[in-house]
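Heads up, entry-v4.cif below (mmCIF, C-alpha atoms and all ligand atoms):
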```cif
data_coords
loop_
_atom_site.group_PDB
_atom_site.id
_atom_site.type_symbol
_atom_site.label_atom_id
_atom_site.label_comp_id
_atom_site.auth_asym_id
_atom_site.auth_seq_id
_atom_site.Cartn_x
_atom_site.Cartn_y
_atom_site.Cartn_z
ATOM 1 C CA MET A 1 16.604 -4.905 4.669
ATOM 2 C CA SER A 2 17.138 -8.354 3.308
ATOM 3 C CA SER A 3 20.101 -7.396 1.140
ATOM 4 C CA LEU A 4 22.790 -8.278 3.657
ATOM 5 C CA TYR A 5 21.129 -11.582 4.321
ATOM 6 C CA SER A 6 20.749 -12.380 0.635
ATOM 7 C CA THR A 7 24.302 -11.269 -0.170
ATOM 8 C CA VAL A 8 25.608 -13.600 2.493
ATOM 9 C CA TYR A 9 23.344 -16.268 1.147
ATOM 10 C CA LYS A 10 24.415 -15.786 -2.440
ATOM 11 C CA LYS A 11 27.986 -16.189 -1.250
ATOM 12 C CA LEU A 12 27.078 -19.396 0.516
ATOM 13 C CA TRP A 13 25.234 -20.590 -2.542
ATOM 14 C CA GLY A 14 28.277 -19.881 -4.726
ATOM 15 C CA TYR A 15 30.551 -21.602 -2.251
ATOM 16 C CA HIS A 16 28.410 -24.702 -2.177
ATOM 17 C CA GLU A 17 28.073 -24.754 -5.948
ATOM 18 C CA VAL A 18 31.822 -24.785 -6.358
ATOM 19 C CA ASP A 19 32.003 -27.584 -3.824
ATOM 20 C CA LEU A 20 29.556 -29.702 -5.774
ATOM 21 C CA ASP A 21 31.470 -29.237 -9.029
ATOM 22 C CA GLU A 22 34.757 -30.099 -7.396
ATOM 23 C CA GLU A 23 33.186 -33.139 -5.891
ATOM 24 C CA GLN A 24 32.036 -34.335 -9.320
ATOM 25 C CA ASP A 25 35.388 -33.628 -10.965
ATOM 26 C CA LEU A 26 37.534 -35.217 -8.336
ATOM 27 C CA ASN A 27 35.228 -38.019 -7.324
ATOM 28 C CA PRO A 28 37.625 -39.084 -4.612
ATOM 29 C CA PRO A 29 37.628 -42.841 -4.129
ATOM 30 C CA ARG A 30 37.911 -42.465 -0.421
ATOM 31 C CA MET A 31 36.470 -44.942 2.005
ATOM 32 C CA LEU A 32 34.927 -43.357 5.043
ATOM 33 C CA GLY A 33 34.370 -46.213 7.371
ATOM 34 C CA ARG A 34 33.361 -49.782 7.272
ATOM 35 C CA HIS A 35 29.627 -49.200 7.051
ATOM 36 C CA TYR A 36 29.793 -47.210 3.820
ATOM 37 C CA ASN A 37 32.595 -49.386 2.611
ATOM 38 C CA SER A 38 30.311 -52.334 2.320
ATOM 39 C CA THR A 39 27.445 -50.561 0.495
ATOM 40 C CA SER A 40 28.001 -47.535 -1.782
ATOM 41 C CA GLY A 41 31.690 -47.510 -1.281
ATOM 42 C CA SER A 42 31.720 -43.703 -0.816
ATOM 43 C CA LEU A 43 30.027 -41.105 1.346
ATOM 44 C CA TRP A 44 30.382 -38.392 -1.323
ATOM 45 C CA PRO A 45 27.278 -39.000 -3.462
ATOM 46 C CA PHE A 46 25.224 -39.141 -0.292
ATOM 47 C CA LEU A 47 26.730 -35.887 0.967
ATOM 48 C CA GLY A 48 25.922 -34.294 -2.387
ATOM 49 C CA TRP A 49 22.259 -35.107 -1.981
ATOM 50 C CA VAL A 50 22.214 -33.831 1.588
ATOM 51 C CA LEU A 51 23.822 -30.628 0.403
ATOM 52 C CA ALA A 52 21.330 -30.264 -2.434
ATOM 53 C CA VAL A 53 18.411 -30.692 -0.043
ATOM 54 C CA ILE A 54 19.907 -28.193 2.420
ATOM 55 C CA LEU A 55 20.399 -25.688 -0.381
ATOM 56 C CA ALA A 56 16.861 -26.137 -1.651
ATOM 57 C CA VAL A 57 15.477 -25.574 1.840
ATOM 58 C CA ALA A 58 17.757 -22.560 2.308
ATOM 59 C CA LEU A 59 16.588 -21.037 -0.991
ATOM 60 C CA VAL A 60 12.931 -21.383 -0.049
ATOM 61 C CA ALA A 61 13.690 -19.992 3.419
ATOM 62 C CA ASN A 62 15.541 -17.055 1.873
ATOM 63 C CA GLN A 63 12.552 -16.276 -0.366
ATOM 64 C CA ARG A 64 10.234 -16.450 2.610
ATOM 65 C CA PHE A 65 12.589 -14.282 4.630
ATOM 66 C CA GLU A 66 12.555 -11.627 1.892
ATOM 67 C CA ASN A 67 8.742 -11.620 1.783
ATOM 68 C CA GLN A 68 8.691 -11.459 5.576
ATOM 69 C CA SER A 69 11.100 -8.556 5.592
ATOM 70 C CA ASP A 70 8.961 -6.622 3.043
ATOM 71 C CA LEU A 71 6.042 -7.151 5.373
ATOM 72 C CA SER A 72 8.046 -6.121 8.428
ATOM 73 C CA CYS A 73 9.214 -2.938 6.623
ATOM 74 C CA GLN A 74 5.588 -2.132 5.870
ATOM 75 C CA ARG A 75 4.660 -2.769 9.479
ATOM 76 C CA GLN A 76 7.384 -0.384 10.650
ATOM 77 C CA LEU A 77 6.033 2.330 8.348
ATOM 78 C CA SER A 78 2.400 1.960 9.293
ATOM 79 C CA THR A 79 0.291 1.594 12.371
ATOM 80 C CA TYR A 80 -1.788 -1.533 12.762
ATOM 81 C CA SER A 81 -4.412 -1.993 10.058
ATOM 82 C CA PRO A 82 -6.524 -4.987 9.087
ATOM 83 C CA LEU A 83 -5.148 -4.361 5.579
ATOM 84 C CA MET A 84 -1.704 -5.334 6.842
ATOM 85 C CA GLU A 85 -2.987 -8.768 7.741
ATOM 86 C CA GLY A 86 -4.592 -9.165 4.357
ATOM 87 C CA PHE A 87 -1.703 -9.098 1.929
ATOM 88 C CA SER A 88 1.849 -8.037 1.270
ATOM 89 C CA MET A 89 1.843 -4.843 -0.751
ATOM 90 C CA ASP A 90 4.199 -4.346 -3.670
ATOM 91 C CA SER A 91 6.443 -1.306 -3.663
ATOM 92 C CA ARG A 92 8.107 -0.132 -6.831
ATOM 93 C CA VAL A 93 10.116 2.761 -8.158
ATOM 94 C CA VAL A 94 7.855 5.015 -10.208
ATOM 95 C CA ARG A 95 8.706 8.122 -12.226
ATOM 96 C CA VAL A 96 5.743 10.427 -11.926
ATOM 97 C CA ASN A 97 4.709 12.706 -14.769
ATOM 98 C CA GLY A 98 5.025 16.224 -13.409
ATOM 99 C CA SER A 99 4.627 18.074 -16.713
ATOM 100 C CA LEU A 100 2.401 21.106 -16.182
ATOM 101 C CA ASP A 101 -0.173 19.954 -18.702
ATOM 102 C CA TRP A 102 0.037 16.197 -18.238
ATOM 103 C CA PRO A 103 -3.355 14.862 -19.181
ATOM 104 C CA SER A 104 -4.787 12.643 -16.448
ATOM 105 C CA PRO A 105 -8.223 11.118 -16.109
ATOM 106 C CA TYR A 106 -8.439 12.958 -12.774
ATOM 107 C CA ARG A 107 -8.089 16.489 -14.198
ATOM 108 C CA GLY A 108 -9.783 18.774 -16.677
ATOM 109 C CA PRO A 109 -13.090 20.597 -16.815
ATOM 110 C CA PRO A 110 -15.720 19.022 -14.567
ATOM 111 C CA SER A 111 -17.599 16.228 -16.297
ATOM 112 C CA PRO A 112 -19.263 12.912 -15.483
ATOM 113 C CA GLU A 113 -16.100 11.130 -16.747
ATOM 114 C CA VAL A 114 -13.757 13.028 -14.420
ATOM 115 C CA ASP A 115 -16.212 12.501 -11.547
ATOM 116 C CA ALA A 116 -16.334 8.762 -12.285
ATOM 117 C CA ALA A 117 -12.526 8.546 -12.049
ATOM 118 C CA TRP A 118 -12.568 10.323 -8.662
ATOM 119 C CA ASN A 119 -15.575 8.455 -7.307
ATOM 120 C CA ARG A 120 -13.858 5.134 -8.012
ATOM 121 C CA ILE A 121 -11.081 6.025 -5.547
ATOM 122 C CA SER A 122 -12.998 8.178 -3.069
ATOM 123 C CA ILE A 123 -16.283 6.335 -2.489
ATOM 124 C CA ILE A 124 -16.063 2.880 -0.943
ATOM 125 C CA ARG A 125 -18.819 0.984 0.814
ATOM 126 C CA PRO A 126 -18.159 -0.021 4.466
ATOM 127 C CA LEU A 127 -15.556 -2.766 4.788
ATOM 128 C CA ASP A 128 -16.695 -6.325 5.371
ATOM 129 C CA ILE A 129 -14.098 -7.154 8.034
ATOM 130 C CA GLN A 130 -14.578 -8.964 11.317
ATOM 131 C CA LEU A 131 -12.401 -7.300 13.984
ATOM 132 C CA THR A 132 -12.212 -8.516 17.546
ATOM 133 C CA ARG A 133 -12.604 -6.032 20.383
ATOM 134 C CA ASP A 134 -8.832 -6.229 20.981
ATOM 135 C CA GLU A 135 -8.108 -5.534 17.337
ATOM 136 C CA PHE A 136 -10.470 -2.557 17.484
ATOM 137 C CA LEU A 137 -8.594 -1.301 20.563
ATOM 138 C CA ARG A 138 -5.430 -1.134 18.453
ATOM 139 C CA LEU A 139 -7.229 1.339 16.171
ATOM 140 C CA ASP A 140 -9.263 3.398 18.584
ATOM 141 C CA GLY A 141 -9.619 3.756 22.342
ATOM 142 C CA ASP A 142 -13.346 3.388 22.719
ATOM 143 C CA PRO A 143 -15.181 0.354 21.358
ATOM 144 C CA GLU A 144 -18.232 1.183 23.509
ATOM 145 C CA THR A 145 -19.464 4.054 21.351
ATOM 146 C CA ALA A 146 -18.098 2.603 18.096
ATOM 147 C CA ALA A 147 -20.534 2.506 15.180
ATOM 148 C CA HIS A 148 -21.378 -0.905 13.734
ATOM 149 C CA ASN A 149 -22.766 -1.907 10.376
ATOM 150 C CA ALA A 150 -26.453 -2.731 10.466
ATOM 151 C CA PRO A 151 -27.147 -6.336 11.562
ATOM 152 C CA GLU A 152 -28.477 -7.168 8.070
ATOM 153 C CA HIS A 153 -25.084 -6.011 6.712
ATOM 154 C CA GLY A 154 -23.006 -8.134 9.045
ATOM 155 C CA GLY A 155 -22.966 -6.009 12.198
ATOM 156 C CA GLN A 156 -19.156 -5.573 12.200
ATOM 157 C CA TYR A 157 -17.422 -2.376 13.281
ATOM 158 C CA PHE A 158 -18.110 0.336 10.673
ATOM 159 C CA LEU A 159 -14.734 0.773 8.927
ATOM 160 C CA VAL A 160 -13.715 2.894 5.945
ATOM 161 C CA PRO A 161 -10.211 2.873 4.370
ATOM 162 C CA GLN A 162 -8.066 5.855 5.305
ATOM 163 C CA SER A 163 -7.001 6.381 1.669
ATOM 164 C CA THR A 164 -10.643 6.797 0.658
ATOM 165 C CA HIS A 165 -10.904 9.749 3.026
ATOM 166 C CA HIS A 166 -7.723 11.334 1.655
ATOM 167 C CA PHE A 167 -8.994 11.045 -1.912
ATOM 168 C CA HIS A 168 -12.364 12.409 -0.837
ATOM 169 C CA CYS A 169 -10.576 15.455 0.586
ATOM 170 C CA LEU A 170 -8.415 16.007 -2.456
ATOM 171 C CA ASN A 171 -11.519 15.648 -4.612
ATOM 172 C CA LEU A 172 -13.385 18.233 -2.553
ATOM 173 C CA LEU A 173 -10.507 20.676 -3.065
ATOM 174 C CA ARG A 174 -10.571 20.001 -6.786
ATOM 175 C CA LYS A 175 -14.311 20.612 -6.949
ATOM 176 C CA SER A 176 -13.988 23.798 -4.912
ATOM 177 C CA THR A 177 -11.549 25.571 -7.228
ATOM 178 C CA HIS A 178 -13.299 28.689 -8.451
ATOM 179 C CA PHE A 179 -13.536 27.622 -12.094
ATOM 180 C CA LYS A 180 -15.251 24.357 -11.076
ATOM 181 C CA PHE A 181 -17.193 25.601 -8.091
ATOM 182 C CA ASP A 182 -20.422 26.539 -9.873
ATOM 183 C CA TYR A 183 -20.599 23.180 -11.621
ATOM 184 C CA TYR A 184 -20.611 21.233 -8.323
ATOM 185 C CA ASP A 185 -22.542 23.868 -6.391
ATOM 186 C CA ALA A 186 -25.522 23.032 -8.593
ATOM 187 C CA PHE A 187 -25.930 19.444 -7.390
ATOM 188 C CA ASP A 188 -23.194 18.098 -5.052
ATOM 189 C CA PRO A 189 -24.581 17.463 -1.530
ATOM 190 C CA ASP A 190 -21.237 18.457 0.051
ATOM 191 C CA PHE A 191 -21.757 21.955 -1.409
ATOM 192 C CA THR A 192 -25.455 22.441 -1.066
ATOM 193 C CA LYS A 193 -26.353 21.014 2.340
ATOM 194 C CA ASN A 194 -24.987 23.655 4.716
ATOM 195 C CA ARG A 195 -22.642 26.395 3.552
ATOM 196 C CA LYS A 196 -21.067 27.013 6.956
ATOM 197 C CA MET A 197 -20.438 23.279 7.365
ATOM 198 C CA PHE A 198 -19.016 23.184 3.828
ATOM 199 C CA GLU A 199 -16.403 25.802 4.742
ATOM 200 C CA VAL A 200 -15.344 23.863 7.840
ATOM 201 C CA HIS A 201 -15.292 20.647 5.797
ATOM 202 C CA LEU A 202 -13.091 22.208 3.117
ATOM 203 C CA ASP A 203 -10.624 23.577 5.667
ATOM 204 C CA HIS A 204 -10.598 20.175 7.359
ATOM 205 C CA CYS A 205 -9.639 18.601 4.028
ATOM 206 C CA VAL A 206 -6.688 20.951 3.482
ATOM 207 C CA GLU A 207 -5.619 20.250 7.048
ATOM 208 C CA ILE A 208 -5.897 16.460 6.833
ATOM 209 C CA LEU A 209 -3.847 16.442 3.613
ATOM 210 C CA ARG A 210 -1.246 18.780 5.127
ATOM 211 C CA GLN A 211 -0.848 16.432 8.077
ATOM 212 C CA PHE A 212 -0.685 13.422 5.792
ATOM 213 C CA ILE A 213 1.999 15.008 3.586
ATOM 214 C CA MET A 214 4.052 16.063 6.607
ATOM 215 C CA CYS A 215 3.729 12.588 8.106
ATOM 216 C CA HIS A 216 4.880 10.931 4.867
ATOM 217 C CA VAL A 217 7.356 13.667 3.985
ATOM 218 C CA ASP A 218 9.180 13.024 0.715
ATOM 219 C CA VAL A 219 12.910 13.559 1.135
ATOM 220 C CA GLY A 220 13.526 13.700 -2.628
ATOM 221 C CA VAL A 221 14.843 16.804 -4.371
ATOM 222 C CA VAL A 222 13.708 18.609 -7.509
ATOM 223 C CA THR A 223 16.164 19.661 -10.212
ATOM 224 C CA SER A 224 15.561 22.457 -12.755
ATOM 225 C CA HIS A 225 16.581 23.268 -16.311
ATOM 226 C CA TRP A 226 17.092 26.319 -18.493
ATOM 227 C CA VAL A 227 14.482 26.400 -21.197
ATOM 228 C CA GLU A 228 14.597 28.372 -24.456
ATOM 229 C CA GLY A 229 12.464 31.495 -24.250
ATOM 230 C CA ARG A 230 12.212 31.311 -20.456
ATOM 231 C CA LYS A 231 14.314 33.398 -18.098
ATOM 232 C CA LYS A 232 13.683 31.338 -14.952
ATOM 233 C CA PRO A 233 14.735 27.746 -14.264
ATOM 234 C CA TRP A 234 11.948 25.285 -15.064
ATOM 235 C CA PRO A 235 11.555 22.563 -12.433
ATOM 236 C CA ASN A 236 11.612 18.926 -13.494
ATOM 237 C CA PHE A 237 8.819 17.352 -11.492
ATOM 238 C CA ASN A 238 9.197 14.019 -13.333
ATOM 239 C CA THR A 239 10.816 12.625 -10.202
ATOM 240 C CA GLN A 240 11.275 9.052 -9.075
ATOM 241 C CA HIS A 241 9.513 7.701 -6.006
ATOM 242 C CA VAL A 242 9.181 4.409 -4.206
ATOM 243 C CA CYS A 243 5.431 3.929 -4.505
ATOM 244 C CA LYS A 244 3.073 1.474 -2.933
ATOM 245 C CA ASN A 245 0.867 -0.190 -5.473
ATOM 246 C CA TYR A 246 -2.366 1.756 -5.040
ATOM 247 C CA GLU A 247 -4.338 -0.328 -7.546
ATOM 248 C CA GLN A 248 -3.491 -3.396 -5.442
ATOM 249 C CA VAL A 249 -4.802 -1.655 -2.318
ATOM 250 C CA LEU A 250 -7.957 -0.549 -4.138
ATOM 251 C CA GLU A 251 -8.497 -4.067 -5.452
ATOM 252 C CA TRP A 252 -8.221 -5.458 -1.893
ATOM 253 C CA THR A 253 -10.594 -2.767 -0.621
ATOM 254 C CA GLU A 254 -13.154 -3.429 -3.332
ATOM 255 C CA LYS A 255 -12.996 -7.138 -2.597
ATOM 256 C CA HIS A 256 -13.537 -6.536 1.138
ATOM 257 C CA GLN A 257 -16.406 -4.043 1.023
ATOM 258 C CA LEU A 258 -20.014 -4.921 1.745
ATOM 259 C CA PRO A 259 -22.163 -5.838 -1.264
ATOM 260 C CA GLU A 260 -23.597 -3.283 -3.689
ATOM 261 C CA ASN A 261 -26.625 -1.334 -2.440
ATOM 262 C CA THR A 262 -25.273 -1.375 1.135
ATOM 263 C CA PRO A 263 -25.662 2.202 2.439
ATOM 264 C CA LEU A 264 -22.377 4.126 2.708
ATOM 265 C CA MET A 265 -23.169 4.724 6.391
ATOM 266 C CA PRO A 266 -25.191 2.725 8.899
ATOM 267 C CA ALA A 267 -28.259 4.309 10.523
ATOM 268 C CA LYS A 268 -28.039 4.940 14.276
ATOM 269 C CA PRO A 269 -29.906 2.260 16.241
ATOM 270 C CA ALA A 270 -31.957 3.242 19.285
ATOM 271 C CA GLY A 271 -30.299 3.081 22.689
ATOM 272 C CA VAL A 272 -26.610 2.918 21.618
ATOM 273 C CA ALA A 273 -23.827 4.344 23.818
ATOM 274 C CA GLU A 274 -22.892 7.822 22.548
ATOM 275 C CA MET A 275 -19.918 10.198 22.812
ATOM 276 C CA SER A 276 -20.735 13.630 24.220
ATOM 277 C CA SER A 277 -19.024 15.395 21.252
ATOM 278 C CA PRO A 278 -17.392 14.346 17.943
ATOM 279 C CA PRO A 279 -13.831 12.982 18.340
HETATM 280 C C1 LIG S 1 4.508 13.271 -19.473
HETATM 281 O O1 LIG S 1 3.341 13.387 -20.259
HETATM 282 C C2 LIG S 1 3.525 14.185 -21.430
HETATM 283 C C3 LIG S 1 2.188 14.368 -22.095
HETATM 284 O O2 LIG S 1 1.512 13.138 -22.262
HETATM 285 C C4 LIG S 1 4.546 13.491 -22.316
HETATM 286 O O3 LIG S 1 4.764 14.257 -23.485
HETATM 287 C C5 LIG S 1 5.852 13.349 -21.556
HETATM 288 O O4 LIG S 1 6.786 12.627 -22.310
HETATM 289 C C6 LIG S 1 5.626 12.627 -20.235
HETATM 290 N N1 LIG S 1 6.841 12.683 -19.446
HETATM 291 C C7 LIG S 1 7.324 11.608 -18.814
HETATM 292 C C8 LIG S 1 8.571 11.819 -18.032
HETATM 293 O O5 LIG S 1 6.809 10.517 -18.902
#
```
Could you express the structure from this file as C-alpha cells?
Amino acid sequence: MSSLYSTVYKKLWGYHEVDLDEEQDLNPPRMLGRHYNSTSGSLWPFLGWVLAVILAVALVANQRFENQSDLSCQRQLSTYSPLMEGFSMDSRVVRVNGSLDWPSPYRGPPSPEVDAAWNRISIIRPLDIQLTRDEFLRLDGDPETAAHNAPEHGGQYFLVPQSTHHFHCLNLLRKSTHFKFDYYDAFDPDFTKNRKMFEVHLDHCVEILRQFIMCHVDVGVVTSHWVEGRKKPWPNFNTQHVCKNYEQVLEWTEKHQLPENTPLMPAKPAGVAEMSSPP
C-alpha cells in the first residue's frame, strides 16, 4: 500500500540528492539580496541545511507512514480487537513444509510432549485487558450478560483470544482420530465428561474451522510433479504464503493474560443478568 508513496518519495530523495551535489560543485557566488550580502554572502549554504532538515523529517515521516499503512492494512483485514491496539504485527512470506511426513512437534503418536506443544497454543488464561463498555460493544452486542473475571482477578470482561479457540478445535480433531482416540478417551475431560456433548463439540470444531478457512480463503495454487515409481502427479504443498507472525501474537497474549493459577474460567456470581439460551 505504501509502495507508490515510497516510490514517489525515493524519486524526490534522489532529486534532492542531486541538487545538493550540484550545489556543492557549482557553489555559485550569487548574492541574493542585501541582507545576506552583508553576512554569509550567500543563501546557498543556508538552503542546503533547510533542505537537509526537510529531508530528514520527510524520511522519518515516510517510515511512520509505512508503519501506519501496515497497521491500516491489518485493520482492513480484521474486525476490531484489543490486540490491534496493542502492537503492529509482522507479516512475512513463508514457505510451508507440506511434505507428507514432515516431522513437526505437533504431530506423531500421542504423548506428553506432543500434548505440551498443543497446550502451549491452545490453553491461555483469561486476558488481563481493561475494555470500556463502548469497546465491548464493538465486539459483542450485549454487555449486560457478559461474563467478567472474578473481582480478585481484576473484574474485567472475560476475554479469550480467538486463535486459542481455533487451536483448541484443531487439537480436538487431532485427538479424536481413531488411532489416537483411546489414548485421550482414558483421561481427557473433553472426551470423558458427556459423550453426546463431545459429539456436538467435535462437530462444532470442524464447523468453526471450516468457517475460518472459508473466511480467510487462500487464493494460492498448488503445482504437481511426476515422481519416479508413481503414476499420478504428486502435489507440491511446499507453497509460499504471506503469514502473520504467530509467535509474536502468542508472546503478546502470554504477556497479557492473568497471572498463573488464575482459573481458566470465572465462576458465576449470584444474581448476574443471564441470557435465556447460549449465543
Ligand atoms: C521439509 O521437511 C523435510 C523433512 O524434514 C525435508 O527433507 C525437506 O527438505 C523440507 N522441505 C522444505 C521445502 O523445506
Collect all residues with atoms no farther than 8 Å from ligand LIG 1 (chain S), counting only C-alpha atoms and all ligand atoms, and output them as a JSON list (two decimals) with C-alpha atoms, in the frame of the given file.
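Generated output (out23.json):
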```json
[["chain", "number", "residue", "atom", "x", "y", "z"],
["A", 95, "ARG", "CA", 8.71, 8.12, -12.23],
["A", 96, "VAL", "CA", 5.74, 10.43, -11.93],
["A", 97, "ASN", "CA", 4.71, 12.71, -14.77],
["A", 98, "GLY", "CA", 5.03, 16.22, -13.41],
["A", 99, "SER", "CA", 4.63, 18.07, -16.71],
["A", 101, "ASP", "CA", -0.17, 19.95, -18.70],
["A", 102, "TRP", "CA", 0.04, 16.20, -18.24],
["A", 103, "PRO", "CA", -3.36, 14.86, -19.18],
["A", 238, "ASN", "CA", 9.20, 14.02, -13.33]]
```
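Interatomic distance, atom CA of Arg133 of chain A against atom CA of Met89 of chain A: 25.6 Å.
The residue that comes closest to Arg64 of chain A, out of A:Gln240, A:Ala146, A:Ser88, A:Lys196 and on the basis of only C-alpha atoms, is A:Ser88.
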Of the listed residues A:Asp203, A:Leu159, A:Thr132, A:Val242, that which approaches Ser176 of chain A most closely, counting all atoms listed in the file: A:Asp203
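Atom pair atom CA of Asn245 of chain A / atom CA of Pro112 of chain A: separated by 26.0 Å.
For the set A:Val160, A:Val222, A:Cys243, A:Val249, the residue with the smallest atom-to-atom gap to Val93 of chain A is A:Cys243, counting all atoms listed in the file.
Of note, atom CA of Ser277 of chain A and atom CA of Phe167 of chain A are spaced 25.6 Å apart.
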Wanna dump the segment 90-171 of chain A-segment 180-195 of chain A contacts at 12 Å for me, each residue with its shortest atom pair and the distance in Å to one decimal, counting only C-alpha atoms, ordered by chain and number, as a Markdown table?
```
| residue | atom | partner | partner_atom | distance |
| --- | --- | --- | --- | --- |
| A:Arg107 | CA | A:Lys180 | CA | 11.1 |
| A:Gly108 | CA | A:Lys180 | CA | 9.6 |
| A:Pro109 | CA | A:Lys180 | CA | 7.2 |
| A:Pro110 | CA | A:Lys180 | CA | 6.4 |
| A:Ser111 | CA | A:Tyr183 | CA | 8.9 |
| A:Pro112 | CA | A:Tyr183 | CA | 11.1 |
| A:Val114 | CA | A:Lys180 | CA | 11.9 |
| A:Asp115 | CA | A:Tyr184 | CA | 10.3 |
| A:His168 | CA | A:Asp190 | CA | 10.8 |
| A:Cys169 | CA | A:Asp190 | CA | 11.1 |
| A:Asn171 | CA | A:Asp190 | CA | 11.1 |
```
